[in-house]
Amino acid sequence: FYTKNEKEKKIFQGIQFCLADQFGFSKKAELGKKIKANNGTVSFMLSKTVDFFVVGQDEGSSEKSFKMKNCKKYREEGSNIMVVPDTFI
């Protein structure tokens, strides 16, 4: 059994995230730190192995991005990438 703190730290265990380019350096660093603190991994490149693609609240700017276009393409090809807002983290 895990203690409450150990269980919470493992919430993103085995999960890979990719952050949208719309985030500035400090916001990416903040999100990356939260993901890694919970045993998740951050990929700088969007690939079919990514579990969650994190976008900001302003979806308009991410809709036109290269990563979002690739995300849509990968999903059409059968990938299960979930698009989530940064508040998910």
# chains A, B, ... in the order shown; residues from 1 in each chain; ligands from 1

call {"tool": "select_by_dssp", "arguments": {"residues": "chain A", "states": "alpha helix (DSSP H)", "output": "CSV table (one decimal) with N, CA and C atoms, in the first residue's frame"}}
result
chain,number,residue,atom,x,y,z
A,4,LYS,N,-0.6,8.3,1.5
A,4,LYS,CA,-1.4,9.3,0.6
A,4,LYS,C,-0.4,10.1,-0.2
A,5,ASN,N,0.7,10.5,0.4
A,5,ASN,CA,1.7,11.3,-0.4
A,5,ASN,C,2.3,10.5,-1.5
A,6,GLU,N,2.7,9.3,-1.3
A,6,GLU,CA,3.3,8.4,-2.3
A,6,GLU,C,2.3,8.2,-3.5
A,7,LYS,N,1.1,8.0,-3.2
A,7,LYS,CA,0.1,7.7,-4.2
A,7,LYS,C,-0.1,9.0,-5.0
A,8,GLU,N,-0.2,10.1,-4.4
A,8,GLU,CA,-0.4,11.4,-5.1
A,8,GLU,C,0.7,11.7,-6.1
A,9,LYS,N,1.9,11.4,-5.7
A,9,LYS,CA,3.1,11.6,-6.5
A,9,LYS,C,3.2,10.7,-7.7
A,25,PHE,N,8.4,30.3,-21.9
A,25,PHE,CA,9.4,29.5,-21.2
A,25,PHE,C,9.0,29.2,-19.8
A,26,SER,N,8.6,30.3,-19.0
A,26,SER,CA,8.3,30.1,-17.6
A,26,SER,C,7.1,29.2,-17.4
A,27,LYS,N,6.1,29.4,-18.2
A,27,LYS,CA,4.9,28.5,-18.1
A,27,LYS,C,5.2,27.1,-18.4
A,28,LYS,N,6.0,26.9,-19.5
A,28,LYS,CA,6.4,25.5,-19.8
A,28,LYS,C,7.2,24.9,-18.7
A,29,ALA,N,8.1,25.7,-18.1
A,29,ALA,CA,8.9,25.2,-16.9
A,29,ALA,C,8.0,24.8,-15.8
A,30,GLU,N,7.0,25.7,-15.5
A,30,GLU,CA,6.1,25.4,-14.4
A,30,GLU,C,5.3,24.1,-14.6
A,31,LEU,N,4.7,24.0,-15.8
A,31,LEU,CA,3.9,22.8,-16.1
A,31,LEU,C,4.8,21.5,-16.1
A,32,GLY,N,6.0,21.6,-16.7
A,32,GLY,CA,6.9,20.5,-16.7
A,32,GLY,C,7.3,20.1,-15.3
A,33,LYS,N,7.5,21.0,-14.4
A,33,LYS,CA,7.9,20.7,-13.0
A,33,LYS,C,6.7,20.0,-12.4
A,34,LYS,N,5.5,20.4,-12.6
A,34,LYS,CA,4.3,19.7,-12.0
A,34,LYS,C,4.2,18.3,-12.5
A,35,ILE,N,4.4,18.1,-13.8
A,35,ILE,CA,4.2,16.8,-14.4
A,35,ILE,C,5.3,15.9,-13.9
A,36,LYS,N,6.5,16.3,-13.9
A,36,LYS,CA,7.6,15.5,-13.4
A,36,LYS,C,7.5,15.2,-11.9
A,37,ALA,N,7.0,16.1,-11.1
A,37,ALA,CA,6.8,15.9,-9.7
A,37,ALA,C,5.8,14.8,-9.4
A,59,GLU,N,-7.6,28.6,-27.1
A,59,GLU,CA,-7.4,27.5,-28.1
A,59,GLU,C,-7.2,28.0,-29.5
A,60,GLY,N,-7.6,29.2,-29.8
A,60,GLY,CA,-7.5,29.8,-31.2
A,60,GLY,C,-6.0,29.8,-31.7
A,61,SER,N,-5.1,30.1,-30.8
A,61,SER,CA,-3.7,30.2,-31.2
A,61,SER,C,-3.1,28.8,-31.3
A,62,SER,N,-3.6,27.8,-30.5
A,62,SER,CA,-3.1,26.4,-30.6
A,62,SER,C,-3.7,25.7,-31.8
A,63,GLU,N,-4.9,26.1,-32.2
A,63,GLU,CA,-5.6,25.4,-33.3
A,63,GLU,C,-4.8,25.4,-34.6
A,66,PHE,N,1.5,23.9,-35.6
A,66,PHE,CA,2.0,22.7,-36.3
A,66,PHE,C,1.7,21.4,-35.4
A,67,LYS,N,1.9,21.6,-34.1
A,67,LYS,CA,1.7,20.4,-33.2
A,67,LYS,C,0.2,20.0,-33.2
A,68,MET,N,-0.7,21.0,-33.2
A,68,MET,CA,-2.1,20.7,-33.2
A,68,MET,C,-2.5,20.0,-34.5
A,69,LYS,N,-1.9,20.5,-35.6
A,69,LYS,CA,-2.2,19.8,-36.9
A,69,LYS,C,-1.7,18.3,-36.9
A,70,ASN,N,-0.5,18.1,-36.3
A,70,ASN,CA,0.0,16.8,-36.2
A,70,ASN,C,-0.9,15.9,-35.2
A,71,CYS,N,-1.3,16.6,-34.2
A,71,CYS,CA,-2.2,15.9,-33.2
A,71,CYS,C,-3.4,15.3,-33.9
A,72,LYS,N,-4.1,16.2,-34.7
A,72,LYS,CA,-5.3,15.8,-35.4
A,72,LYS,C,-5.0,14.7,-36.4
A,73,LYS,N,-3.8,14.8,-37.1
A,73,LYS,CA,-3.4,13.8,-38.0
A,73,LYS,C,-3.2,12.4,-37.3
A,74,TYR,N,-2.5,12.4,-36.2
A,74,TYR,CA,-2.3,11.2,-35.5
A,74,TYR,C,-3.6,10.6,-34.9
A,75,ARG,N,-4.5,11.4,-34.5
A,75,ARG,CA,-5.8,10.9,-34.0
A,75,ARG,C,-6.6,10.3,-35.1
A,76,GLU,N,-6.5,10.9,-36.3
A,76,GLU,CA,-7.2,10.3,-37.5
A,76,GLU,C,-6.6,8.9,-37.8

call {"tool": "select_by_dssp", "arguments": {"residues": "chain A", "states": "strand (DSSP E or B)", "output": "count of residues only"}}
result
15

call {"tool": "closest_residue", "arguments": {"among": "A:Phe12, A:Ser47, A:Gly56, A:Ile89", "to": "Glu77 in chain A", "atoms": "only C-alpha atoms"}}
result
A:Ser47

call {"tool": "closest_residue", "arguments": {"among": "A:Cys18, A:Thr87, A:Met82, A:Lys64", "to": "Gly40 in chain A", "atoms": "only C-alpha atoms"}}
result
A:Cys18

call {"tool": "atom_distance", "arguments": {"atom1": "CA of Pro85 in chain A", "atom2": "CA of Phe52 in chain A"}}
result
9.7 Å
